[in-house]
Structures are given as structure tokens and as C-alpha cells.
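The file protein_37.pdb comes next; it holds PDB, C-alpha atoms.
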```pdb
ATOM      1  CA  MET A   1     244.827  92.000 195.344
ATOM      2  CA  LYS A   2     245.891  93.368 191.974
ATOM      3  CA  ALA A   3     244.415  92.322 188.670
ATOM      4  CA  ILE A   4     246.583  90.051 186.548
ATOM      5  CA  LYS A   5     246.939  91.165 182.941
ATOM      6  CA  THR A   6     247.476  88.672 180.154
ATOM      7  CA  ASP A   7     247.609  89.092 176.424
ATOM      8  CA  THR A   8     243.939  88.358 175.932
ATOM      9  CA  VAL A   9     242.085  88.420 179.252
ATOM     10  CA  VAL A  10     242.301  90.520 182.394
ATOM     11  CA  ILE A  11     241.708  88.250 185.367
ATOM     12  CA  ARG A  12     240.384  90.012 188.434
ATOM     13  CA  PRO A  13     239.927  88.350 191.846
ATOM     14  CA  ARG A  14     236.367  87.648 192.854
ATOM     15  CA  ARG A  15     235.061  89.487 195.838
ATOM     16  CA  ALA A  16     233.480  87.405 198.517
ATOM     17  CA  HIS A  17     229.753  87.882 198.706
ATOM     18  CA  GLY A  18     229.036  89.144 202.168
ATOM     19  CA  ASN A  19     231.253  89.359 205.225
ATOM     20  CA  GLY A  20     232.272  86.442 207.481
ATOM     21  CA  GLY A  21     231.789  88.629 210.551
ATOM     22  CA  ASP A  22     228.237  89.479 209.512
ATOM     23  CA  ARG A  23     227.408  85.805 209.058
ATOM     24  CA  LYS A  24     228.695  84.996 212.562
ATOM     25  CA  LYS A  25     226.601  87.811 214.012
ATOM     26  CA  LYS A  26     223.513  86.515 212.224
ATOM     27  CA  LEU A  27     224.169  82.989 213.518
ATOM     28  CA  LYS A  28     224.552  84.281 217.071
ATOM     29  CA  MET A  29     221.359  86.317 216.736
ATOM     30  CA  ASN A  30     219.492  83.277 215.423
ATOM     31  CA  GLU A  31     220.789  81.129 218.300
ATOM     32  CA  ALA A  32     219.829  83.798 220.830
ATOM     33  CA  GLY A  33     216.376  84.040 219.255
ATOM     34  CA  SER A  34     215.887  80.252 219.379
ATOM     35  CA  ARG A  35     216.969  80.207 223.026
ATOM     36  CA  ARG A  36     214.439  82.927 223.846
ATOM     37  CA  LYS A  37     211.715  80.973 222.055
ATOM     38  CA  ARG A  38     212.578  77.810 223.955
ATOM     39  CA  PHE A  39     212.615  79.743 227.224
ATOM     40  CA  LYS A  40     209.200  81.268 226.544
ATOM     41  CA  SER A  41     207.730  77.902 225.549
ATOM     42  CA  ASN A  42     209.077  76.331 228.760
ATOM     43  CA  ILE A  43     207.836  79.054 231.131
ATOM     44  CA  PRO A  44     204.881  76.887 232.330
ATOM     45  CA  LEU A  45     207.328  74.100 233.209
ATOM     46  CA  PHE A  46     209.544  76.546 235.117
ATOM     47  CA  ILE A  47     206.498  77.754 237.055
ATOM     48  CA  LEU A  48     205.645  74.155 237.981
ATOM     49  CA  PHE A  49     209.254  73.660 239.089
ATOM     50  CA  ILE A  50     209.200  76.644 241.498
ATOM     51  CA  PRO A  51     207.558  74.734 244.420
ATOM     52  CA  ILE A  52     210.248  72.038 244.140
ATOM     53  CA  ILE A  53     213.006  74.671 244.269
ATOM     54  CA  VAL A  54     211.368  76.326 247.282
ATOM     55  CA  PHE A  55     211.024  72.951 249.026
ATOM     56  CA  PHE A  56     214.713  72.100 248.616
ATOM     57  CA  ILE A  57     215.850  75.585 249.656
ATOM     58  CA  VAL A  58     213.654  75.682 252.776
ATOM     59  CA  PHE A  59     213.929  72.074 253.947
ATOM     60  CA  LYS A  60     217.272  70.903 252.509
ATOM     61  CA  TYR A  61     219.704  73.778 252.013
ATOM     62  CA  PHE A  62     218.639  76.339 254.625
ATOM     63  CA  PRO A  63     218.924  73.819 257.519
ATOM     64  CA  MET A  64     222.577  73.291 256.535
ATOM     65  CA  VAL A  65     223.293  76.529 258.398
ATOM     66  CA  GLY A  66     222.737  74.541 261.590
ATOM     67  CA  LEU A  67     225.809  72.402 260.843
ATOM     68  CA  VAL A  68     227.857  75.100 262.561
ATOM     69  CA  ILE A  69     226.546  73.613 265.832
ATOM     70  CA  ALA A  70     229.002  70.754 265.311
ATOM     71  CA  PHE A  71     231.850  73.219 265.940
ATOM     72  CA  LYS A  72     230.267  74.917 268.957
ATOM     73  CA  ASN A  73     229.233  74.086 272.502
ATOM     74  CA  TYR A  74     225.581  74.706 271.736
ATOM     75  CA  ASN A  75     223.143  75.886 274.385
ATOM     76  CA  PHE A  76     219.650  77.331 274.153
ATOM     77  CA  SER A  77     220.506  80.640 275.796
ATOM     78  CA  GLY A  78     223.288  81.492 273.345
ATOM     79  CA  GLY A  79     221.640  80.016 270.278
ATOM     80  CA  ILE A  80     223.502  78.965 267.144
ATOM     81  CA  TRP A  81     225.590  82.124 266.808
ATOM     82  CA  GLY A  82     225.970  83.010 270.476
ATOM     83  CA  SER A  83     227.238  79.632 271.682
ATOM     84  CA  GLU A  84     230.924  79.130 272.457
ATOM     85  CA  TRP A  85     233.135  78.110 269.527
ATOM     86  CA  VAL A  86     235.058  74.897 270.301
ATOM     87  CA  GLY A  87     236.418  73.930 266.876
ATOM     88  CA  LEU A  88     236.944  70.183 266.434
ATOM     89  CA  GLU A  89     236.501  69.346 270.115
ATOM     90  CA  ASN A  90     233.143  67.648 269.502
ATOM     91  CA  PHE A  91     234.695  65.376 266.881
ATOM     92  CA  ARG A  92     237.546  64.484 269.272
ATOM     93  CA  MET A  93     235.044  63.589 271.989
ATOM     94  CA  LEU A  94     232.972  61.626 269.517
ATOM     95  CA  PHE A  95     235.755  59.449 268.129
ATOM     96  CA  SER A  96     237.509  58.987 271.469
ATOM     97  CA  ASN A  97     234.408  57.102 272.641
ATOM     98  CA  PRO A  98     234.778  53.346 271.911
ATOM     99  CA  GLN A  99     231.027  53.079 271.405
ATOM    100  CA  THR A 100     231.231  55.359 268.368
ATOM    101  CA  LEU A 101     233.334  52.894 266.379
ATOM    102  CA  SER A 102     230.888  50.119 267.238
ATOM    103  CA  ILE A 103     227.967  52.248 266.060
ATOM    104  CA  ILE A 104     229.711  53.088 262.769
ATOM    105  CA  ARG A 105     230.533  49.399 262.280
ATOM    106  CA  ASN A 106     226.900  48.398 262.839
ATOM    107  CA  THR A 107     225.711  51.050 260.393
ATOM    108  CA  VAL A 108     228.147  49.966 257.681
ATOM    109  CA  VAL A 109     227.431  46.246 258.185
ATOM    110  CA  LEU A 110     223.635  46.623 258.031
ATOM    111  CA  SER A 111     223.785  49.035 255.091
ATOM    112  CA  CYS A 112     226.203  46.901 253.069
ATOM    113  CA  LEU A 113     224.182  43.752 253.705
ATOM    114  CA  GLY A 114     221.016  45.582 252.671
ATOM    115  CA  LEU A 115     222.728  46.895 249.545
ATOM    116  CA  ILE A 116     224.338  43.609 248.487
ATOM    117  CA  ILE A 117     221.333  41.383 249.239
ATOM    118  CA  GLY A 118     218.496  43.814 248.594
ATOM    119  CA  PHE A 119     219.729  45.680 245.497
ATOM    120  CA  PRO A 120     219.144  42.818 242.975
ATOM    121  CA  PHE A 121     215.576  42.123 244.153
ATOM    122  CA  PRO A 122     213.861  45.073 242.380
ATOM    123  CA  ILE A 123     215.732  44.177 239.167
ATOM    124  CA  LEU A 124     214.668  40.535 239.387
ATOM    125  CA  LEU A 125     211.096  41.507 240.248
ATOM    126  CA  ALA A 126     210.894  43.927 237.309
ATOM    127  CA  ILE A 127     212.213  41.316 234.856
ATOM    128  CA  LEU A 128     209.722  38.727 236.119
ATOM    129  CA  MET A 129     206.757  41.106 235.943
ATOM    130  CA  ASN A 130     207.815  42.334 232.511
ATOM    131  CA  ASP A 131     207.529  38.774 231.150
ATOM    132  CA  VAL A 132     204.037  38.185 232.560
ATOM    133  CA  ARG A 133     201.466  38.141 229.760
ATOM    134  CA  ARG A 134     198.229  37.795 231.742
ATOM    135  CA  MET A 135     197.347  41.351 232.715
ATOM    136  CA  TRP A 136     195.062  40.423 235.631
ATOM    137  CA  PHE A 137     197.824  38.413 237.256
ATOM    138  CA  LYS A 138     200.408  41.136 236.562
ATOM    139  CA  ARG A 139     198.231  43.859 238.108
ATOM    140  CA  THR A 140     197.489  41.727 241.151
ATOM    141  CA  VAL A 141     201.180  41.042 241.761
ATOM    142  CA  GLN A 142     202.076  44.705 241.241
ATOM    143  CA  THR A 143     199.484  45.810 243.776
ATOM    144  CA  LEU A 144     200.698  43.298 246.358
ATOM    145  CA  VAL A 145     204.395  44.179 245.996
ATOM    146  CA  TYR A 146     203.817  47.959 245.819
ATOM    147  CA  LEU A 147     201.500  48.136 248.843
ATOM    148  CA  PRO A 148     204.131  47.786 251.643
ATOM    149  CA  HIS A 149     205.905  50.935 250.418
ATOM    150  CA  PHE A 150     202.869  53.048 251.342
ATOM    151  CA  LEU A 151     202.669  51.664 254.877
ATOM    152  CA  SER A 152     204.714  53.231 257.665
ATOM    153  CA  TRP A 153     207.287  51.274 259.618
ATOM    154  CA  VAL A 154     205.025  51.554 262.646
ATOM    155  CA  VAL A 155     202.522  49.312 260.853
ATOM    156  CA  LEU A 156     205.062  47.033 259.176
ATOM    157  CA  GLY A 157     207.174  46.795 262.328
ATOM    158  CA  GLY A 158     204.120  45.701 264.284
ATOM    159  CA  MET A 159     203.395  43.074 261.642
ATOM    160  CA  VAL A 160     206.971  41.767 261.786
ATOM    161  CA  LEU A 161     206.886  41.607 265.577
ATOM    162  CA  THR A 162     203.555  39.798 265.418
ATOM    163  CA  ILE A 163     204.924  37.233 262.965
ATOM    164  CA  PHE A 164     208.207  36.503 264.767
ATOM    165  CA  SER A 165     207.303  37.075 268.415
ATOM    166  CA  ILE A 166     208.474  34.218 270.642
ATOM    167  CA  GLU A 167     205.167  33.969 272.515
ATOM    168  CA  THR A 168     202.445  35.040 270.081
ATOM    169  CA  GLY A 169     204.261  34.878 266.728
ATOM    170  CA  ILE A 170     202.761  32.859 263.891
ATOM    171  CA  VAL A 171     206.123  31.327 262.969
ATOM    172  CA  ASN A 172     206.796  30.139 266.519
ATOM    173  CA  HIS A 173     203.280  28.741 266.790
ATOM    174  CA  LEU A 174     204.001  26.614 263.722
ATOM    175  CA  LEU A 175     207.398  25.564 265.069
ATOM    176  CA  GLN A 176     205.827  24.609 268.377
ATOM    177  CA  ALA A 177     203.111  22.593 266.662
ATOM    178  CA  TRP A 178     205.425  20.812 264.210
ATOM    179  CA  PHE A 179     208.687  20.399 266.111
ATOM    180  CA  GLY A 180     207.794  21.082 269.733
ATOM    181  CA  PHE A 181     210.017  24.116 270.297
ATOM    182  CA  SER A 182     210.111  27.861 269.597
ATOM    183  CA  TYR A 183     212.995  30.108 268.570
ATOM    184  CA  PRO A 184     213.716  33.693 269.738
ATOM    185  CA  PHE A 185     214.127  35.192 266.256
ATOM    186  CA  LEU A 186     214.138  38.793 267.494
ATOM    187  CA  TYR A 187     216.602  38.120 270.312
ATOM    188  CA  LYS A 188     219.416  36.438 268.353
ATOM    189  CA  GLU A 189     221.768  38.702 266.396
ATOM    190  CA  GLY A 190     221.923  36.510 263.301
ATOM    191  CA  SER A 191     218.181  36.023 262.946
ATOM    192  CA  TRP A 192     217.535  39.688 263.840
ATOM    193  CA  ILE A 193     219.799  40.816 260.977
ATOM    194  CA  ALA A 194     218.012  38.429 258.595
ATOM    195  CA  ILE A 195     214.614  39.813 259.658
ATOM    196  CA  PHE A 196     215.901  43.388 259.348
ATOM    197  CA  ILE A 197     217.200  42.836 255.789
ATOM    198  CA  GLY A 198     214.164  40.794 254.749
ATOM    199  CA  SER A 199     211.644  43.339 256.017
ATOM    200  CA  GLY A 200     213.488  46.120 254.190
ATOM    201  CA  ILE A 201     213.344  44.146 250.941
ATOM    202  CA  TRP A 202     209.660  43.383 251.527
ATOM    203  CA  LYS A 203     208.859  47.073 251.932
ATOM    204  CA  GLU A 204     210.869  48.628 249.096
ATOM    205  CA  ALA A 205     211.481  45.982 246.412
ATOM    206  CA  GLY A 206     208.138  46.542 244.679
ATOM    207  CA  TRP A 207     208.511  50.304 244.639
ATOM    208  CA  GLY A 208     212.078  50.094 243.336
ATOM    209  CA  ALA A 209     210.939  47.791 240.521
ATOM    210  CA  ILE A 210     208.898  50.650 239.003
ATOM    211  CA  ILE A 211     212.049  52.381 237.774
ATOM    212  CA  TYR A 212     213.376  49.209 236.170
ATOM    213  CA  LEU A 213     210.000  48.477 234.547
ATOM    214  CA  ALA A 214     210.155  51.927 232.968
ATOM    215  CA  ALA A 215     213.680  51.184 231.726
ATOM    216  CA  LEU A 216     212.540  47.803 230.336
ATOM    217  CA  SER A 217     209.782  49.500 228.351
ATOM    218  CA  GLY A 218     212.462  51.468 226.481
ATOM    219  CA  ILE A 219     214.202  48.375 225.089
ATOM    220  CA  ASP A 220     213.580  47.872 221.361
ATOM    221  CA  PRO A 221     211.340  44.767 220.877
ATOM    222  CA  SER A 222     213.184  43.988 217.635
ATOM    223  CA  LEU A 223     216.211  43.017 219.731
ATOM    224  CA  TYR A 224     214.195  40.226 221.346
ATOM    225  CA  GLU A 225     212.918  39.145 217.931
ATOM    226  CA  ALA A 226     216.467  39.020 216.572
ATOM    227  CA  ALA A 227     217.575  37.002 219.596
ATOM    228  CA  SER A 228     214.708  34.554 219.048
ATOM    229  CA  ILE A 229     215.703  34.133 215.403
ATOM    230  CA  ASP A 230     219.244  33.351 216.545
ATOM    231  CA  GLY A 231     217.843  30.631 218.778
ATOM    232  CA  ALA A 232     218.320  32.412 222.132
ATOM    233  CA  GLY A 233     216.235  31.147 225.014
ATOM    234  CA  LYS A 234     214.693  33.160 227.854
ATOM    235  CA  TRP A 235     217.855  33.109 229.971
ATOM    236  CA  LYS A 236     220.121  34.245 227.099
ATOM    237  CA  LYS A 237     217.676  37.029 226.210
ATOM    238  CA  ILE A 238     217.875  38.298 229.775
ATOM    239  CA  LEU A 239     221.680  38.171 229.805
ATOM    240  CA  ASN A 240     222.277  39.612 226.325
ATOM    241  CA  VAL A 241     219.335  41.957 225.780
ATOM    242  CA  THR A 242     217.484  42.815 228.989
ATOM    243  CA  LEU A 243     220.372  43.448 231.393
ATOM    244  CA  PRO A 244     222.508  45.463 228.895
ATOM    245  CA  GLY A 245     219.400  47.490 228.035
ATOM    246  CA  ILE A 246     218.801  48.566 231.638
ATOM    247  CA  LEU A 247     222.477  48.736 232.640
ATOM    248  CA  PRO A 248     222.590  52.588 232.746
ATOM    249  CA  THR A 249     219.584  52.583 235.091
ATOM    250  CA  ILE A 250     221.167  49.894 237.274
ATOM    251  CA  VAL A 251     224.399  51.905 237.562
ATOM    252  CA  MET A 252     222.495  55.109 238.355
ATOM    253  CA  MET A 253     220.463  53.437 241.116
ATOM    254  CA  PHE A 254     223.557  51.736 242.525
ATOM    255  CA  ILE A 255     225.425  55.060 242.760
ATOM    256  CA  LEU A 256     222.451  56.664 244.524
ATOM    257  CA  ASN A 257     222.195  53.747 246.948
ATOM    258  CA  ILE A 258     225.928  53.946 247.685
ATOM    259  CA  GLY A 259     225.294  57.406 249.139
ATOM    260  CA  HIS A 260     223.052  55.850 251.806
ATOM    261  CA  VAL A 261     225.588  53.326 253.081
ATOM    262  CA  MET A 262     226.120  55.418 256.208
ATOM    263  CA  GLU A 263     222.398  56.035 256.612
ATOM    264  CA  VAL A 264     220.249  53.269 258.059
ATOM    265  CA  GLY A 265     216.597  54.222 258.343
ATOM    266  CA  PHE A 266     215.695  55.252 261.891
ATOM    267  CA  ASP A 267     212.082  54.042 261.759
ATOM    268  CA  GLN A 268     212.918  50.468 260.805
ATOM    269  CA  VAL A 269     215.679  50.036 263.379
ATOM    270  CA  PHE A 270     213.720  51.764 266.126
ATOM    271  CA  MET A 271     210.677  49.538 265.597
ATOM    272  CA  LEU A 272     212.628  46.263 265.449
ATOM    273  CA  LYS A 273     215.459  46.843 267.948
ATOM    274  CA  ASN A 274     215.531  45.656 271.545
ATOM    275  CA  SER A 275     218.059  45.720 274.362
ATOM    276  CA  VAL A 276     219.162  42.113 273.792
ATOM    277  CA  VAL A 277     220.498  42.822 270.283
ATOM    278  CA  SER A 278     221.689  46.375 270.976
ATOM    279  CA  ASN A 279     225.252  45.351 270.086
ATOM    280  CA  ILE A 280     224.233  45.098 266.430
ATOM    281  CA  SER A 281     221.071  47.254 266.276
ATOM    282  CA  GLU A 282     222.536  50.515 267.606
ATOM    283  CA  VAL A 283     223.272  52.619 264.477
ATOM    284  CA  ILE A 284     224.044  56.264 263.742
ATOM    285  CA  SER A 285     220.397  57.332 263.398
ATOM    286  CA  THR A 286     219.372  55.807 266.751
ATOM    287  CA  TYR A 287     222.549  57.164 268.382
ATOM    288  CA  ILE A 288     221.703  60.683 267.180
ATOM    289  CA  TYR A 289     218.178  60.272 268.553
ATOM    290  CA  ARG A 290     219.449  58.998 271.888
ATOM    291  CA  ILE A 291     222.166  61.571 272.578
ATOM    292  CA  GLY A 292     220.661  64.440 270.611
ATOM    293  CA  LEU A 293     216.945  64.486 271.364
ATOM    294  CA  LYS A 294     216.863  62.473 274.580
ATOM    295  CA  GLY A 295     220.258  63.531 275.962
ATOM    296  CA  ALA A 296     220.177  67.148 274.665
ATOM    297  CA  GLN A 297     223.788  66.844 273.421
ATOM    298  CA  PHE A 298     223.050  68.712 270.217
ATOM    299  CA  SER A 299     226.648  69.481 269.296
ATOM    300  CA  LEU A 300     227.745  65.831 269.467
ATOM    301  CA  SER A 301     224.745  64.599 267.497
ATOM    302  CA  THR A 302     225.297  67.278 264.836
ATOM    303  CA  ALA A 303     228.960  66.288 264.573
ATOM    304  CA  MET A 304     227.931  62.672 264.009
ATOM    305  CA  GLY A 305     225.367  63.717 261.390
ATOM    306  CA  LEU A 306     227.958  65.845 259.593
ATOM    307  CA  PHE A 307     230.414  62.946 259.582
ATOM    308  CA  GLU A 308     227.714  60.680 258.138
ATOM    309  CA  SER A 309     226.921  63.170 255.355
ATOM    310  CA  ILE A 310     230.580  63.696 254.405
ATOM    311  CA  ILE A 311     231.212  59.954 254.152
ATOM    312  CA  GLY A 312     228.082  59.562 252.025
ATOM    313  CA  LEU A 313     229.233  62.342 249.685
ATOM    314  CA  ILE A 314     232.685  60.773 249.322
ATOM    315  CA  LEU A 315     231.157  57.375 248.526
ATOM    316  CA  VAL A 316     228.839  58.822 245.867
ATOM    317  CA  VAL A 317     231.628  60.765 244.153
ATOM    318  CA  THR A 318     233.958  57.755 244.264
ATOM    319  CA  ALA A 319     231.328  55.379 242.879
ATOM    320  CA  ASN A 320     230.497  57.829 240.098
ATOM    321  CA  ARG A 321     234.157  58.196 239.089
ATOM    322  CA  ILE A 322     234.537  54.429 238.931
ATOM    323  CA  ALA A 323     231.365  54.161 236.839
ATOM    324  CA  ARG A 324     232.568  56.896 234.484
ATOM    325  CA  LYS A 325     235.601  54.822 233.594
ATOM    326  CA  PHE A 326     233.180  52.261 232.187
ATOM    327  CA  GLY A 327     231.105  54.928 230.442
ATOM    328  CA  GLN A 328     228.158  54.712 232.853
ATOM    329  CA  GLY A 329     228.642  57.724 235.165
ATOM    330  CA  LEU A 330     225.740  59.610 236.679
ATOM    331  CA  TRP A 331     227.331  62.976 235.882
TER     332      TRP A 331
END
```

Would you give me this structure, written as C-alpha cells?
Amino acid sequence: MKAIKTDTVVIRPRRAHGNGGDRKKKLKMNEAGSRRKRFKSNIPLFILFIPIIVFFIVFKYFPMVGLVIAFKNYNFSGGIWGSEWVGLENFRMLFSNPQTLSIIRNTVVLSCLGLIIGFPFPILLAILMNDVRRMWFKRTVQTLVYLPHFLSWVVLGGMVLTIFSIETGIVNHLLQAWFGFSYPFLYKEGSWIAIFIGSGIWKEAGWGAIIYLAALSGIDPSLYEAASIDGAGKWKKILNVTLPGILPTIVMMFILNIGHVMEVGFDQVFMLKNSVVSNISEVISTYIYRIGLKGAQFSLSTAMGLFESIIGLILVVTANRIARKFGQGLW
């Protein structure tokens, strides 16, 4: 720019102190330096995380290579790569079998009932325990409701069978003494489903409540004080403060549970099922065990497992997209 001459003063343009490009370089260098510092400070955490990464790679991702069996006529002599490639033939055989649709129906029905009935129980249990003021009572209840999670289904299944057995069950002994008759709880489809759902809630509700108790501890106590000043009772505090405060956690857990709709636990079904209620108790996990391990039809069982995983992935992604529209997505 040229200087502007006037009659009295010569006005010259001021030169900018420093260069914009230099400032940007300094900012980038400072950001890079801060990133390096953060990385160095977090190195111990990364080292602790290495076993978790190794576990998932070895036991979760590496076994996915075996999914190729679903597209082959697998045999032991040829192995995974040497077996004959059959494309989608295993899936055609699988879904041309009328029993397959029945098995998928049973899996969906039991999973959806468990999700709809069982999902609110940990939330309710956490809210109730959060309001308990006597610590000895709270600790006793927590121990009792957490304990079933640490027991295997072999133990819990034996307990359930002992309680509801038609000949030696405690419940039937009481029915016989009071009303003069017994009821085959484990041999009627309706009562078997109720026992299946109830035993699942009994085992996992206490453990699931831990997450919601942690979420409840993050709610600002001043919100409850403000609600009390406004004259809100216990029920209104739960509706207007507690539930909105843990809503992100509820949505996250619901999305994760949606992914297991096609996955009914093998141990629970295997311990409680019997031939009389096989029309409702035969699910994907027991079908894979029966035709895969016992029947040595590895290609068919892998095809069923792959189908189950794909449906679970689709359900999780769909549920997350719906939740994102309400601002509560998992990712």
C-alpha cells in the first residue's frame, strides 16, 4: 500500500505485527505438543488396556474367520479352507426346513417377553434401593439380589426344578396340602414360559441394577430439594427428576439388550427344557448345539449362528438410529 500524503501529515499503513501463517504453525505445534503430553501421561492406561485388546482379538475377532464354514460343506479332512464351497446352499437348506421357522419364532417370543417384562425390573430395583436410608438393610438387600448373578445356571436350574417339580417341589407340596392337588408347572407351556422369564429376572435383575445405581448417584441432589420446595411427592420426584436423570443410561442399556433379541441363553434353556414343552423351548442356541455338536452338521449350525448375528446387528443399528432422533443415541 502507498502512503497517503496530506497537507500536514503523511499517513502510512501500519504493518501487521507477525505473520498469520506463523501463528497457525505455532498453534499446530502447541496442539501437537499437548497431544504428545496427553499420550505420554496415558501410557500406563494403554498398557492396562492391552490385555483387553488381546482378549477381543483372540476370542472375538479371530474366530470370525470360521464363519466361512457357513458357505462350505465342511468336513474334518478338508478343514476350513479345503472343504467344498457351496455358496448359499446351507441357508437354503436351513430355511426350507419348517422347524427352523418355529425355532426362530420361539427365540423371538422368549427374548421379547424377557426384554419387555424383565427390562424394567433393574430400574425399579435401583430406584427402591436408592431411597433406602438404613444402610444395614440396604446392604443386606443388595447382597441377596446380587448373589444369583454369581451362581451358574446349573445351580439355579436345579433350584428352580426343586421348587416347581411336580413330585418333590415345594410349591406343589403346599398346593397339595392346602388345596389337595398339584400342578405340572414345568410341563405346561404357559407356566414354563412364566418360570423361564421369572428365573431370568431373579438371576440378573440385581446385577443390572448396579449400572442404574451408578447413574442415580450422578443426579444433582439440589434437583430433589427444588422439587420438595415445589411440593412434589415421592412419585412426582421419580417421574420428573429420577427417570429423566437416568434416561441416557436406560436408552443405552435398552439398545444393548435389543442386540440380544435373537440370542436366548443356552444354559438357562438347556437346564429348564424338557421334551413335553419342546414346541416352545427349542431355540436357536439349543438347535445349534443339537445339530452342530451332537449331529456334526457344522455348516448348518454356523449358517444359523451367522443369521442370528446379522439380525442382532441390524436390530442394534436400527434401535440406535431411532434413539438418535430423540437425542439419546449410543453412537

Tell me, as a count of residues only, which residues lie within 9 Å of Val160 in chain A, counting all atoms listed in the file; anything in the same chain fewer than 4 positions away does not count.
8

Quick one: everything within 12 Å of Val277 in chain A, counting all atoms listed in the file, minus sequence neighbours fewer than 3 positions away in the same chain. Send it as a ChimeraX atom specification.
/A:106,184-193,196,269-270,272-274,280-283

Now that the selection is made, can you save its residues with C-alpha atoms as an mmCIF file, in the coordinates of the input?
```cif
data_model
loop_
_atom_site.group_PDB
_atom_site.id
_atom_site.type_symbol
_atom_site.label_atom_id
_atom_site.label_comp_id
_atom_site.auth_asym_id
_atom_site.auth_seq_id
_atom_site.Cartn_x
_atom_site.Cartn_y
_atom_site.Cartn_z
ATOM 1 C CA ASN A 106 226.900 48.398 262.839
ATOM 2 C CA PRO A 184 213.716 33.693 269.738
ATOM 3 C CA PHE A 185 214.127 35.192 266.256
ATOM 4 C CA LEU A 186 214.138 38.793 267.494
ATOM 5 C CA TYR A 187 216.602 38.120 270.312
ATOM 6 C CA LYS A 188 219.416 36.438 268.353
ATOM 7 C CA GLU A 189 221.768 38.702 266.396
ATOM 8 C CA GLY A 190 221.923 36.510 263.301
ATOM 9 C CA SER A 191 218.181 36.023 262.946
ATOM 10 C CA TRP A 192 217.535 39.688 263.840
ATOM 11 C CA ILE A 193 219.799 40.816 260.977
ATOM 12 C CA PHE A 196 215.901 43.388 259.348
ATOM 13 C CA VAL A 269 215.679 50.036 263.379
ATOM 14 C CA PHE A 270 213.720 51.764 266.126
ATOM 15 C CA LEU A 272 212.628 46.263 265.449
ATOM 16 C CA LYS A 273 215.459 46.843 267.948
ATOM 17 C CA ASN A 274 215.531 45.656 271.545
ATOM 18 C CA ILE A 280 224.233 45.098 266.430
ATOM 19 C CA SER A 281 221.071 47.254 266.276
ATOM 20 C CA GLU A 282 222.536 50.515 267.606
ATOM 21 C CA VAL A 283 223.272 52.619 264.477
#
```

Write out as a ChimeraX atom specification the residues lying within 8 Å of range 134-150 of chain A, counting all atoms listed in the file and excluding same-chain residues fewer than 2 positions away.
/A:129,132,152,156,202-207

Report as a list in words the full result of the PyMOL selection byres ((chain A and resi 108-114) around 7) when it is applied to this structure.
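With the PyMOL selection byres ((chain A and resi 108-114) around 7) on this model, the match is Ile104, Arg105, Asn106, Thr107, Leu115, Ile116, Ile117, Gly118, Ile197, Val261, Met262 and Val264 of chain A.
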
Just say which residues the PyMOL selection byres ((chain A and resi 299-305) around 7) picks in this file, as a ChimeraX atom specification.
/A:67,69-70,72-74,90-91,94,288,291-292,297-298,306-309

Output check: residues returned by the PyMOL selection byres ((chain A and resi 213) around 10), as a list in words
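Selection result, ordered by chain and number: Pro122, Ile123, Leu125, Ala126, Ile127, Leu128, Met129, Asn130, Gly208, Ala209, Ile210, Ile211, Tyr212, Ala214, Ala215, Leu216, Ser217, Gly218 and Ile246 of chain A.
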
Suppose you want the space between CA of Val54 in chain A and CA of Asn42 in chain A; what is it in Å?
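Those two atoms sit 18.7 Å apart.
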
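When only C-alpha atoms are used to measure the gap to Gly259 in chain A, the shortest distance among A:Phe121, A:Ala227, A:Leu243, A:Val316 belongs to A:Val316.
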
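Interatomic distance, CA of Lys26 in chain A against CA of Ile43 in chain A: 25.7 Å.
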
Rounded to one decimal place, report the CA of Gly66 in chain A-CA of Ile80 in chain A distance in Å.
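Taking CA of Gly66 in chain A and CA of Ile80 in chain A, their separation equals 7.1 Å.
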
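Nearest to Leu151 in chain A of all the residues A:Ser285, A:Ser96, A:Gln268, A:Arg324 is A:Gln268, based on all atoms listed in the file.
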
Let me make sure I understand: among A:Ser222, A:Lys236, A:Thr242, A:Leu48, which one has the smallest atom-to-atom distance to Asp131 in chain A if we use all atoms listed in the file?
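Distance minimum relative to Asp131 in chain A lands on A:Thr242.
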
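Minimum distance to Gly157 in chain A across A:Met271, A:Met64, A:Leu27, A:Ile57 (counting only C-alpha atoms) occurs at A:Met271.
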